[in-house]
>>> print(open('run.cif').read())   # mmCIF, C-alpha atoms
data_start
loop_
_atom_site.label_atom_id
_atom_site.label_comp_id
_atom_site.auth_asym_id
_atom_site.auth_seq_id
_atom_site.Cartn_x
_atom_site.Cartn_y
_atom_site.Cartn_z
CA MET W 1 -67.68 -7.96 10.39
CA PRO W 2 -66.28 -5.80 7.62
CA TYR W 3 -67.78 -5.52 4.16
CA ILE W 4 -65.38 -5.09 1.25
CA ASN W 5 -66.60 -4.20 -2.21
CA ILE W 6 -64.10 -4.52 -5.05
CA LYS W 7 -65.08 -3.03 -8.39
CA ILE W 8 -62.98 -3.93 -11.44
CA THR W 9 -63.46 -3.72 -15.17
CA LYS W 10 -64.83 -6.91 -16.74
CA GLU W 11 -61.73 -8.12 -18.53
CA GLY W 12 -61.52 -11.82 -17.85
CA ALA W 13 -60.71 -12.25 -14.16
CA THR W 14 -60.78 -15.99 -13.49
CA LYS W 15 -62.51 -17.90 -10.69
CA GLU W 16 -59.07 -18.53 -9.17
CA GLN W 17 -58.15 -14.84 -9.25
CA LYS W 18 -61.44 -13.97 -7.58
CA GLU W 19 -60.72 -16.56 -4.90
CA LYS W 20 -57.39 -14.86 -4.24
CA LEU W 21 -59.06 -11.45 -3.98
CA ILE W 22 -61.61 -12.82 -1.50
CA LYS W 23 -58.95 -14.60 0.55
CA GLY W 24 -56.52 -11.68 0.43
CA ALA W 25 -59.05 -9.00 1.37
CA THR W 26 -60.35 -11.10 4.26
CA ASP W 27 -56.83 -11.77 5.53
CA LEU W 28 -56.04 -8.05 5.31
CA LEU W 29 -58.90 -7.12 7.62
CA VAL W 30 -57.96 -9.88 10.07
CA GLU W 31 -54.30 -8.85 10.14
CA VAL W 32 -54.70 -5.08 10.30
CA LEU W 33 -57.79 -4.75 12.48
CA GLY W 34 -58.19 -8.15 14.11
CA LYS W 35 -61.60 -8.60 12.50
CA ASN W 36 -63.45 -11.92 12.64
CA PRO W 37 -63.04 -13.61 9.25
CA ALA W 38 -66.26 -15.62 9.67
CA THR W 39 -68.39 -12.52 9.24
CA THR W 40 -66.16 -10.69 6.75
CA VAL W 41 -67.93 -10.30 3.42
CA VAL W 42 -66.22 -9.60 0.09
CA VAL W 43 -68.24 -8.71 -3.02
CA ILE W 44 -66.52 -8.33 -6.40
CA GLU W 45 -68.34 -6.40 -9.11
CA GLU W 46 -67.19 -6.54 -12.72
CA VAL W 47 -68.09 -3.54 -14.81
CA ASP W 48 -68.15 -3.37 -18.63
CA THR W 49 -65.32 -1.19 -19.99
CA ASP W 50 -67.98 1.00 -21.68
CA ASN W 51 -69.31 1.79 -18.22
CA TRP W 52 -66.04 2.80 -16.54
CA GLY W 53 -64.32 6.11 -17.07
CA ILE W 54 -61.19 7.74 -15.76
CA GLY W 55 -59.89 11.16 -16.72
CA GLY W 56 -63.19 11.69 -18.53
CA THR W 57 -62.45 8.85 -20.96
CA GLN W 58 -64.18 5.49 -21.34
CA VAL W 59 -61.89 2.56 -20.54
CA THR W 60 -62.94 0.98 -23.86
CA GLU W 61 -61.26 3.92 -25.60
CA LEU W 62 -58.25 3.90 -23.28
CA ARG W 63 -57.65 0.24 -24.10
CA LYS W 64 -57.58 1.00 -27.85
CA LYS W 65 -54.86 3.57 -27.35
CA SER W 66 -52.66 1.44 -25.13
CA MET T 67 -86.55 9.62 0.22
CA PRO T 68 -84.47 6.67 1.34
CA TYR T 69 -82.32 4.57 -0.94
CA ILE T 70 -82.08 0.85 -0.19
CA ASN T 71 -79.55 -1.35 -1.94
CA ILE T 72 -79.97 -5.11 -1.53
CA LYS T 73 -77.12 -7.30 -2.72
CA ILE T 74 -77.76 -11.04 -2.99
CA THR T 75 -76.04 -13.92 -4.71
CA LYS T 76 -77.45 -14.70 -8.15
CA GLU T 77 -79.23 -17.94 -7.44
CA GLY T 78 -82.57 -17.70 -9.16
CA ALA T 79 -84.61 -15.04 -7.35
CA THR T 80 -87.85 -14.67 -9.29
CA LYS T 81 -89.58 -11.50 -10.48
CA GLU T 82 -92.24 -12.08 -7.81
CA GLN T 83 -89.65 -12.43 -5.04
CA LYS T 84 -87.99 -9.21 -6.18
CA GLU T 85 -91.38 -7.49 -6.08
CA LYS T 86 -91.78 -8.63 -2.48
CA LEU T 87 -88.33 -7.30 -1.57
CA ILE T 88 -89.13 -3.93 -3.15
CA LYS T 89 -92.53 -3.73 -1.47
CA GLY T 90 -91.25 -4.97 1.88
CA ALA T 91 -88.23 -2.66 2.04
CA THR T 92 -90.36 0.35 1.07
CA ASP T 93 -92.99 -0.50 3.70
CA LEU T 94 -90.26 -0.89 6.33
CA LEU T 95 -88.98 2.65 5.78
CA VAL T 96 -92.52 4.04 5.84
CA GLU T 97 -93.43 2.21 9.06
CA VAL T 98 -90.22 2.78 11.02
CA LEU T 99 -89.30 6.30 9.94
CA GLY T 100 -92.46 7.68 8.33
CA LYS T 101 -90.63 8.13 5.01
CA ASN T 102 -92.52 9.01 1.84
CA PRO T 103 -92.87 5.83 -0.24
CA ALA T 104 -93.16 7.81 -3.51
CA THR T 105 -89.49 8.76 -3.38
CA THR T 106 -88.18 5.58 -1.76
CA VAL T 107 -85.87 3.74 -4.14
CA VAL T 108 -84.92 0.06 -3.88
CA VAL T 109 -82.17 -1.42 -6.05
CA ILE T 110 -81.47 -5.16 -6.00
CA GLU T 111 -78.09 -6.35 -7.25
CA GLU T 112 -77.48 -10.03 -8.00
CA VAL T 113 -73.88 -11.13 -7.73
CA ASP T 114 -72.36 -14.30 -9.23
CA THR T 115 -71.43 -16.84 -6.52
CA ASP T 116 -67.82 -16.72 -7.81
CA ASN T 117 -67.79 -13.02 -6.87
CA TRP T 118 -69.07 -13.29 -3.31
CA GLY T 119 -67.00 -14.48 -0.37
CA ILE T 120 -67.60 -14.94 3.31
CA GLY T 121 -65.08 -16.25 5.82
CA GLY T 122 -62.49 -15.96 3.06
CA THR T 123 -64.27 -18.60 0.95
CA GLN T 124 -66.06 -18.17 -2.38
CA VAL T 125 -69.79 -18.90 -2.15
CA THR T 126 -69.41 -21.22 -5.16
CA GLU T 127 -67.19 -23.41 -2.98
CA LEU T 128 -69.42 -23.09 0.09
CA ARG T 129 -72.39 -24.31 -1.96
CA LYS T 130 -70.47 -27.46 -2.98
CA LYS T 131 -69.85 -28.34 0.65
CA SER T 132 -73.39 -27.79 1.87
CA MET I 133 -75.69 -13.95 3.10
CA PRO I 134 -77.29 -10.77 1.77
CA TYR I 135 -75.94 -7.29 2.29
CA ILE I 136 -78.48 -4.49 2.70
CA ASN I 137 -77.43 -0.85 2.64
CA ILE I 138 -80.01 1.71 3.74
CA LYS I 139 -79.23 5.35 3.09
CA ILE I 140 -81.39 7.96 4.80
CA THR I 141 -81.08 11.65 5.48
CA LYS I 142 -79.64 12.45 8.90
CA GLU I 143 -82.71 13.75 10.64
CA GLY I 144 -82.71 12.17 14.05
CA ALA I 145 -83.36 8.46 13.61
CA THR I 146 -83.09 6.90 17.07
CA LYS I 147 -81.16 3.81 18.15
CA GLU I 148 -84.50 2.00 18.51
CA GLN I 149 -85.62 2.94 14.99
CA LYS I 150 -82.30 1.70 13.63
CA GLU I 151 -82.79 -1.58 15.50
CA LYS I 152 -86.19 -1.93 13.82
CA LEU I 153 -84.67 -1.28 10.38
CA ILE I 154 -81.95 -3.90 11.00
CA LYS I 155 -84.46 -6.46 12.31
CA GLY I 156 -87.03 -5.73 9.60
CA ALA I 157 -84.59 -5.86 6.68
CA THR I 158 -83.08 -9.12 7.97
CA ASP I 159 -86.52 -10.69 8.42
CA LEU I 160 -87.50 -9.60 4.91
CA LEU I 161 -84.60 -11.47 3.32
CA VAL I 162 -85.32 -14.57 5.43
CA GLU I 163 -89.02 -14.57 4.56
CA VAL I 164 -88.79 -13.77 0.85
CA LEU I 165 -85.64 -15.65 -0.13
CA GLY I 166 -85.02 -18.04 2.77
CA LYS I 167 -81.64 -16.44 3.45
CA ASN I 168 -79.64 -17.29 6.57
CA PRO I 169 -80.09 -14.42 9.05
CA ALA I 170 -76.76 -15.18 10.79
CA THR I 171 -74.81 -13.89 7.80
CA THR I 172 -77.21 -11.13 6.73
CA VAL I 173 -75.59 -7.73 7.12
CA VAL I 174 -77.46 -4.42 7.32
CA VAL I 175 -75.61 -1.10 7.15
CA ILE I 176 -77.46 2.18 7.68
CA GLU I 177 -75.84 5.36 6.39
CA GLU I 178 -77.12 8.77 7.47
CA VAL I 179 -76.45 11.58 5.05
CA ASP I 180 -76.54 15.31 5.83
CA THR I 181 -79.52 17.02 4.17
CA ASP I 182 -77.05 19.34 2.37
CA ASN I 183 -75.62 16.25 0.69
CA TRP I 184 -78.86 14.71 -0.59
CA GLY I 185 -80.78 15.94 -3.59
CA ILE I 186 -83.93 14.92 -5.38
CA GLY I 187 -85.43 16.61 -8.40
CA GLY I 188 -82.22 18.66 -8.58
CA THR I 189 -82.92 20.29 -5.21
CA GLN I 190 -81.04 19.91 -1.93
CA VAL I 191 -83.14 18.30 0.79
CA THR I 192 -82.15 21.17 3.11
CA GLU I 193 -84.02 23.51 0.76
CA LEU I 194 -86.95 21.12 0.30
CA ARG I 195 -87.42 20.98 4.08
CA LYS I 196 -87.66 24.80 4.28
CA LYS I 197 -90.51 24.80 1.78
CA SER I 198 -92.50 21.99 3.36
CA MET Y 199 -59.88 12.19 -6.95
CA PRO Y 200 -63.65 11.86 -6.77
CA TYR Y 201 -65.55 8.65 -7.40
CA ILE Y 202 -68.94 8.94 -9.09
CA ASN Y 203 -71.29 5.99 -9.31
CA ILE Y 204 -74.30 6.33 -11.61
CA LYS Y 205 -76.99 3.69 -11.36
CA ILE Y 206 -79.63 3.57 -14.10
CA THR Y 207 -82.15 1.02 -15.26
CA LYS Y 208 -80.91 -1.18 -18.12
CA GLU Y 209 -82.98 0.20 -20.96
CA GLY Y 210 -80.61 0.55 -23.88
CA ALA Y 211 -78.15 3.33 -23.02
CA THR Y 212 -75.65 3.44 -25.89
CA LYS Y 213 -71.85 3.56 -25.75
CA GLU Y 214 -72.04 7.21 -26.85
CA GLN Y 215 -74.50 8.11 -24.10
CA LYS Y 216 -72.26 6.45 -21.54
CA GLU Y 217 -69.31 8.45 -22.88
CA LYS Y 218 -71.32 11.64 -22.36
CA LEU Y 219 -72.18 10.63 -18.80
CA ILE Y 220 -68.51 9.93 -18.04
CA LYS Y 221 -67.35 13.16 -19.63
CA GLY Y 222 -70.14 15.24 -18.09
CA ALA Y 223 -69.72 13.90 -14.56
CA THR Y 224 -65.95 14.40 -14.69
CA ASP Y 225 -66.34 17.97 -15.97
CA LEU Y 226 -68.85 18.71 -13.21
CA LEU Y 227 -66.39 17.77 -10.48
CA VAL Y 228 -63.63 19.79 -12.14
CA GLU Y 229 -65.83 22.88 -12.52
CA VAL Y 230 -67.55 22.88 -9.15
CA LEU Y 231 -64.75 21.65 -6.88
CA GLY Y 232 -61.60 22.07 -8.95
CA LYS Y 233 -60.90 18.33 -8.79
CA ASN Y 234 -58.17 16.71 -10.86
CA PRO Y 235 -59.84 14.97 -13.83
CA ALA Y 236 -56.95 12.48 -14.21
CA THR Y 237 -57.95 10.69 -11.01
CA THR Y 238 -61.70 11.16 -11.28
CA VAL Y 239 -63.44 7.80 -11.68
CA VAL Y 240 -66.95 7.31 -13.06
CA VAL Y 241 -68.68 3.91 -12.86
CA ILE Y 242 -72.06 3.36 -14.52
CA GLU Y 243 -74.17 0.43 -13.34
CA GLU Y 244 -77.17 -0.74 -15.34
CA VAL Y 245 -79.83 -2.53 -13.34
CA ASP Y 246 -82.58 -4.78 -14.72
CA THR Y 247 -86.03 -3.15 -14.44
CA ASP Y 248 -87.17 -6.15 -12.35
CA ASN Y 249 -84.52 -5.17 -9.81
CA TRP Y 250 -85.40 -1.49 -9.41
CA GLY Y 251 -88.35 -0.19 -7.46
CA ILE Y 252 -89.76 3.21 -6.64
CA GLY Y 253 -92.87 3.90 -4.61
CA GLY Y 254 -92.88 0.19 -3.74
CA THR Y 255 -93.44 -0.79 -7.39
CA GLN Y 256 -91.08 -2.61 -9.76
CA VAL Y 257 -90.01 -0.46 -12.71
CA THR Y 258 -91.01 -3.34 -15.02
CA GLU Y 259 -94.59 -2.82 -13.84
CA LEU Y 260 -94.37 0.99 -13.98
CA ARG Y 261 -93.26 0.77 -17.62
CA LYS Y 262 -96.35 -1.31 -18.52
CA LYS Y 263 -98.65 1.36 -17.13
CA SER Y 264 -96.95 4.31 -18.78
CA MET G 265 -58.09 1.11 -12.14
CA PRO G 266 -59.98 -0.78 -9.44
CA TYR G 267 -62.11 0.84 -6.78
CA ILE G 268 -62.15 -0.81 -3.35
CA ASN G 269 -64.62 0.21 -0.69
CA ILE G 270 -64.02 -1.08 2.83
CA LYS G 271 -66.79 -0.62 5.36
CA ILE G 272 -65.98 -1.22 9.02
CA THR G 273 -67.63 -0.35 12.31
CA LYS G 274 -66.30 2.86 13.86
CA GLU G 275 -64.34 1.45 16.75
CA GLY G 276 -61.09 3.35 16.80
CA ALA G 277 -59.12 2.33 13.71
CA THR G 278 -55.97 4.48 13.72
CA LYS G 279 -54.45 6.48 10.85
CA GLU G 280 -51.66 3.86 10.67
CA GLN G 281 -54.13 0.99 10.42
CA LYS G 282 -55.98 2.80 7.66
CA GLU G 283 -52.68 3.28 5.84
CA LYS G 284 -52.10 -0.46 6.04
CA LEU G 285 -55.57 -1.18 4.67
CA ILE G 286 -54.99 1.22 1.75
CA LYS G 287 -51.54 -0.19 1.01
CA GLY G 288 -52.63 -3.81 1.42
CA ALA G 289 -55.75 -3.54 -0.74
CA THR G 290 -53.81 -1.77 -3.49
CA ASP G 291 -51.05 -4.39 -3.41
CA LEU G 292 -53.65 -7.16 -3.57
CA LEU G 293 -55.12 -5.84 -6.83
CA VAL G 294 -51.66 -5.38 -8.31
CA GLU G 295 -50.55 -8.89 -7.37
CA VAL G 296 -53.68 -10.82 -8.28
CA LEU G 297 -54.83 -8.94 -11.37
CA GLY G 298 -51.80 -6.90 -12.44
CA LYS G 299 -53.75 -3.65 -11.98
CA ASN G 300 -52.04 -0.28 -12.15
CA PRO G 301 -51.61 0.98 -8.57
CA ALA G 302 -51.54 4.64 -9.70
CA THR G 303 -55.26 4.55 -10.50
CA THR G 304 -56.35 2.16 -7.77
CA VAL G 305 -58.65 3.90 -5.32
CA VAL G 306 -59.41 2.71 -1.77
CA VAL G 307 -62.16 4.30 0.29
CA ILE G 308 -62.69 3.31 3.93
CA GLU G 309 -66.05 4.07 5.52
CA GLU G 310 -66.52 3.86 9.28
CA VAL G 311 -70.04 3.15 10.42
CA ASP G 312 -71.45 3.75 13.93
CA THR G 313 -72.15 0.47 15.75
CA ASP G 314 -75.80 1.56 16.08
CA ASN G 315 -75.99 1.56 12.28
CA TRP G 316 -74.57 -1.91 11.62
CA GLY G 317 -76.46 -5.13 12.11
CA ILE G 318 -75.69 -8.79 11.63
CA GLY G 319 -78.04 -11.66 12.37
CA GLY G 320 -80.75 -9.05 12.89
CA THR G 321 -78.93 -7.56 15.89
CA GLN G 322 -77.29 -4.14 16.23
CA VAL G 323 -73.52 -4.36 16.74
CA THR G 324 -73.90 -2.03 19.75
CA GLU G 325 -75.93 -4.78 21.42
CA LEU G 326 -73.59 -7.57 20.26
CA ARG G 327 -70.66 -5.75 21.84
CA LYS G 328 -72.45 -5.59 25.23
CA LYS G 329 -72.89 -9.36 25.24
CA SER G 330 -69.35 -10.22 24.26
CA MET O 331 -85.09 7.43 -11.83
CA PRO O 332 -81.31 7.34 -11.67
CA TYR O 333 -79.29 7.26 -8.49
CA ILE O 334 -75.99 9.12 -8.47
CA ASN O 335 -73.49 8.73 -5.66
CA ILE O 336 -70.62 11.20 -5.53
CA LYS O 337 -67.80 10.43 -3.13
CA ILE O 338 -65.26 13.18 -2.43
CA THR O 339 -62.65 13.81 0.21
CA LYS O 340 -63.88 15.98 3.09
CA GLU O 341 -62.00 19.17 2.39
CA GLY O 342 -64.50 21.95 2.85
CA ALA O 343 -67.06 21.70 0.05
CA THR O 344 -69.66 24.38 0.75
CA LYS O 345 -73.45 24.08 0.73
CA GLU O 346 -73.50 26.07 -2.52
CA GLN O 347 -70.98 23.74 -4.18
CA LYS O 348 -73.03 20.75 -3.13
CA GLU O 349 -76.13 22.39 -4.61
CA LYS O 350 -74.26 22.77 -7.90
CA LEU O 351 -73.21 19.11 -7.85
CA ILE O 352 -76.81 18.02 -7.21
CA LYS O 353 -78.19 20.30 -9.91
CA GLY O 354 -75.46 19.45 -12.41
CA ALA O 355 -75.66 15.68 -11.97
CA THR O 356 -79.45 15.75 -12.27
CA ASP O 357 -79.29 17.88 -15.42
CA LEU O 358 -76.71 15.51 -16.91
CA LEU O 359 -79.02 12.51 -16.61
CA VAL O 360 -81.93 14.49 -18.04
CA GLU O 361 -79.90 15.73 -21.00
CA VAL O 362 -78.05 12.54 -21.89
CA LEU O 363 -80.71 9.90 -21.17
CA GLY O 364 -83.95 11.87 -20.93
CA LYS O 365 -84.46 10.74 -17.35
CA ASN O 366 -87.20 12.23 -15.15
CA PRO O 367 -85.54 14.74 -12.79
CA ALA O 368 -88.31 14.37 -10.19
CA THR O 369 -87.12 10.87 -9.28
CA THR O 370 -83.39 11.44 -9.80
CA VAL O 371 -81.53 11.10 -6.52
CA VAL O 372 -78.04 12.48 -5.83
CA VAL O 373 -76.15 11.55 -2.67
CA ILE O 374 -72.81 13.17 -1.85
CA GLU O 375 -70.51 11.42 0.61
CA GLU O 376 -67.54 13.21 2.12
CA VAL O 377 -64.72 10.97 3.25
CA ASP O 378 -61.92 11.90 5.67
CA THR O 379 -58.54 12.20 3.90
CA ASP O 380 -57.20 9.48 6.25
CA ASN O 381 -59.78 7.12 4.76
CA TRP O 382 -59.06 7.71 1.06
CA GLY O 383 -56.11 6.26 -0.78
CA ILE O 384 -54.84 6.39 -4.32
CA GLY O 385 -51.70 4.73 -5.61
CA GLY O 386 -51.46 2.98 -2.24
CA THR O 387 -51.01 6.30 -0.41
CA GLN O 388 -53.35 8.03 2.04
CA VAL O 389 -54.63 11.36 0.71
CA THR O 390 -53.58 12.95 4.04
CA GLU O 391 -49.98 12.11 3.12
CA LEU O 392 -50.40 13.17 -0.53
CA ARG O 393 -51.64 16.58 0.62
CA LYS O 394 -48.50 17.11 2.74
CA LYS O 395 -46.28 16.53 -0.27
CA SER O 396 -48.18 18.76 -2.68
#
>>> encode(input="run.cif", output="structure tokens")
Amino acid sequence: MPYINIKITKEGATKEQKEKLIKGATDLLVEVLGKNPATTVVVIEEVDTDNWGIGGTQVTELRKKS
Amino acid sequence: MPYINIKITKEGATKEQKEKLIKGATDLLVEVLGKNPATTVVVIEEVDTDNWGIGGTQVTELRKKS
Amino acid sequence: MPYINIKITKEGATKEQKEKLIKGATDLLVEVLGKNPATTVVVIEEVDTDNWGIGGTQVTELRKKS
Amino acid sequence: MPYINIKITKEGATKEQKEKLIKGATDLLVEVLGKNPATTVVVIEEVDTDNWGIGGTQVTELRKKS
Amino acid sequence: MPYINIKITKEGATKEQKEKLIKGATDLLVEVLGKNPATTVVVIEEVDTDNWGIGGTQVTELRKKS
Amino acid sequence: MPYINIKITKEGATKEQKEKLIKGATDLLVEVLGKNPATTVVVIEEVDTDNWGIGGTQVTELRKKS
């Protein structure tokens, strides 16, 4: 009965990509730990690039430079 | 001073229902553990049905079948 | 299929008290939002009083004063 | 490689304020624990005032009284 | 720069299994969303079976029945 | 009434360092957003190096190489 929380920046992930994340994360827990998929929960949270920082810099600013 | 985080799918919970969740969760911690309600924090997070999966399936798809 | 995370300071909550928190939080989501209890997950996390602060003060220190 | 999650009520924090939170939280981990800023992640989550409660009361209602 | 949090009950996952979870979750984000693995963070949290409930029942009790 | 969650690897942070993290994070929210310190909560979680990965590698292994 694992709970997996995936946080990503909000940059256009599609419904299909989210489906793959949900399927892939569930399969991972089944394969590695033999968990029951029926009670495995995956929650994806999309965070505005203004609200995410790495190395002390806002992702919004990092994206401008790259 | 407990912190309670309630994650639900975003499917139309009303302001009144959220009030009941906040009140109910706070009361629960007071009753069971004698916690101080004044510093008990409840945060409700509503998640798009595309972003929630159980049993490896997106809730958006589960809702279509039910 | 809600997910409820309860964080409390580690100060001796018993197995029975935890059972009451799990039962009470599940019932709350069923009553207020009509959620399915079978897929409602409750996770309790106990945090050392050195690791919890409120008002800028460690709970370990607050307990000494009270 | 710390991970810092800051949850605040959604009440108009600006891009500049979020930058200061990201910078300040990263600096704090570097100064206090000597962590590597390059792999320090800060995620800010803004929560509707209907979805946040303290003392059993919705922040939306607390704001009306204050 | 995704952040993945995996919560499981504390029931003896080995260092090797945790390595597989870390590797697998990182690969998943790279494959599905093209994320940079270098800044992908995976945190596994193991929770006592007394502290996890599903269907209103403590996992400790569920394990006795199964 | 912000809630700040700091996750770090469990590598010997002292009570005094944790006090500084709690004080510093609380001050940050007061300075940047004018938040009320009395209801600002900081929770530090220390995670075993086996349970933390970056770049697909367990921190336990990264530490051996560095």
>>> resolve_selection(input="run.cif", expression="the PyMOL selection byres ((chain G) within 10 of (chain O))", output="count of residues only")
30
>>> calpha_fit_and_write(input="run.cif", fixed="chain W", moving="chain Y", output="PDB file with C-alpha atoms, in the coordinates of the input")
ATOM      1  CA  MET Y 199     -67.706  -7.960  10.399  1.00  0.00           C
ATOM      2  CA  PRO Y 200     -66.280  -5.810   7.624  1.00  0.00           C
ATOM      3  CA  TYR Y 201     -67.778  -5.515   4.162  1.00  0.00           C
ATOM      4  CA  ILE Y 202     -65.367  -5.108   1.254  1.00  0.00           C
ATOM      5  CA  ASN Y 203     -66.588  -4.211  -2.206  1.00  0.00           C
ATOM      6  CA  ILE Y 204     -64.098  -4.519  -5.065  1.00  0.00           C
ATOM      7  CA  LYS Y 205     -65.075  -3.025  -8.394  1.00  0.00           C
ATOM      8  CA  ILE Y 206     -62.976  -3.929 -11.438  1.00  0.00           C
ATOM      9  CA  THR Y 207     -63.462  -3.709 -15.169  1.00  0.00           C
ATOM     10  CA  LYS Y 208     -64.816  -6.913 -16.737  1.00  0.00           C
ATOM     11  CA  GLU Y 209     -61.730  -8.117 -18.548  1.00  0.00           C
ATOM     12  CA  GLY Y 210     -61.521 -11.825 -17.861  1.00  0.00           C
ATOM     13  CA  ALA Y 211     -60.714 -12.252 -14.162  1.00  0.00           C
ATOM     14  CA  THR Y 212     -60.778 -16.002 -13.503  1.00  0.00           C
ATOM     15  CA  LYS Y 213     -62.500 -17.910 -10.698  1.00  0.00           C
ATOM     16  CA  GLU Y 214     -59.062 -18.520  -9.157  1.00  0.00           C
ATOM     17  CA  GLN Y 215     -58.155 -14.833  -9.249  1.00  0.00           C
ATOM     18  CA  LYS Y 216     -61.449 -13.972  -7.595  1.00  0.00           C
ATOM     19  CA  GLU Y 217     -60.728 -16.561  -4.898  1.00  0.00           C
ATOM     20  CA  LYS Y 218     -57.386 -14.859  -4.248  1.00  0.00           C
ATOM     21  CA  LEU Y 219     -59.061 -11.458  -3.994  1.00  0.00           C
ATOM     22  CA  ILE Y 220     -61.607 -12.823  -1.506  1.00  0.00           C
ATOM     23  CA  LYS Y 221     -58.966 -14.592   0.543  1.00  0.00           C
ATOM     24  CA  GLY Y 222     -56.521 -11.679   0.412  1.00  0.00           C
ATOM     25  CA  ALA Y 223     -59.049  -9.008   1.364  1.00  0.00           C
ATOM     26  CA  THR Y 224     -60.354 -11.105   4.259  1.00  0.00           C
ATOM     27  CA  ASP Y 225     -56.824 -11.764   5.539  1.00  0.00           C
ATOM     28  CA  LEU Y 226     -56.027  -8.051   5.323  1.00  0.00           C
ATOM     29  CA  LEU Y 227     -58.899  -7.122   7.620  1.00  0.00           C
ATOM     30  CA  VAL Y 228     -57.961  -9.878  10.065  1.00  0.00           C
ATOM     31  CA  GLU Y 229     -54.294  -8.839  10.156  1.00  0.00           C
ATOM     32  CA  VAL Y 230     -54.681  -5.078  10.314  1.00  0.00           C
ATOM     33  CA  LEU Y 231     -57.785  -4.736  12.495  1.00  0.00           C
ATOM     34  CA  GLY Y 232     -58.182  -8.141  14.118  1.00  0.00           C
ATOM     35  CA  LYS Y 233     -61.599  -8.602  12.502  1.00  0.00           C
ATOM     36  CA  ASN Y 234     -63.456 -11.902  12.642  1.00  0.00           C
ATOM     37  CA  PRO Y 235     -63.042 -13.615   9.246  1.00  0.00           C
ATOM     38  CA  ALA Y 236     -66.275 -15.629   9.681  1.00  0.00           C
ATOM     39  CA  THR Y 237     -68.390 -12.503   9.236  1.00  0.00           C
ATOM     40  CA  THR Y 238     -66.166 -10.696   6.757  1.00  0.00           C
ATOM     41  CA  VAL Y 239     -67.941 -10.301   3.415  1.00  0.00           C
ATOM     42  CA  VAL Y 240     -66.216  -9.615   0.095  1.00  0.00           C
ATOM     43  CA  VAL Y 241     -68.240  -8.722  -3.020  1.00  0.00           C
ATOM     44  CA  ILE Y 242     -66.526  -8.345  -6.396  1.00  0.00           C
ATOM     45  CA  GLU Y 243     -68.336  -6.395  -9.107  1.00  0.00           C
ATOM     46  CA  GLU Y 244     -67.182  -6.545 -12.715  1.00  0.00           C
ATOM     47  CA  VAL Y 245     -68.101  -3.542 -14.817  1.00  0.00           C
ATOM     48  CA  ASP Y 246     -68.159  -3.367 -18.624  1.00  0.00           C
ATOM     49  CA  THR Y 247     -65.327  -1.189 -19.994  1.00  0.00           C
ATOM     50  CA  ASP Y 248     -67.968   1.005 -21.692  1.00  0.00           C
ATOM     51  CA  ASN Y 249     -69.303   1.786 -18.222  1.00  0.00           C
ATOM     52  CA  TRP Y 250     -66.048   2.812 -16.540  1.00  0.00           C
ATOM     53  CA  GLY Y 251     -64.306   6.110 -17.070  1.00  0.00           C
ATOM     54  CA  ILE Y 252     -61.179   7.757 -15.754  1.00  0.00           C
ATOM     55  CA  GLY Y 253     -59.886  11.172 -16.719  1.00  0.00           C
ATOM     56  CA  GLY Y 254     -63.199  11.691 -18.529  1.00  0.00           C
ATOM     57  CA  THR Y 255     -62.446   8.857 -20.978  1.00  0.00           C
ATOM     58  CA  GLN Y 256     -64.187   5.489 -21.336  1.00  0.00           C
ATOM     59  CA  VAL Y 257     -61.900   2.558 -20.531  1.00  0.00           C
ATOM     60  CA  THR Y 258     -62.956   0.976 -23.850  1.00  0.00           C
ATOM     61  CA  GLU Y 259     -61.283   3.916 -25.591  1.00  0.00           C
ATOM     62  CA  LEU Y 260     -58.244   3.906 -23.277  1.00  0.00           C
ATOM     63  CA  ARG Y 261     -57.656   0.231 -24.103  1.00  0.00           C
ATOM     64  CA  LYS Y 262     -57.586   1.003 -27.856  1.00  0.00           C
ATOM     65  CA  LYS Y 263     -54.838   3.563 -27.359  1.00  0.00           C
ATOM     66  CA  SER Y 264     -52.655   1.437 -25.117  1.00  0.00           C
TER      67      SER Y 264
END
>>> atom_distance(input="run.cif", atom1="CA of Val164 (chain I)", atom2="CA of Lys208 (chain Y)")
24.1 Å
>>> atom_distance(input="run.cif", atom1="CA of Leu95 (chain T)", atom2="CA of Arg195 (chain I)")
18.5 Å
>>> atom_distance(input="run.cif", atom1="CA of Gly166 (chain I)", atom2="CA of Ser132 (chain T)")
15.2 Å
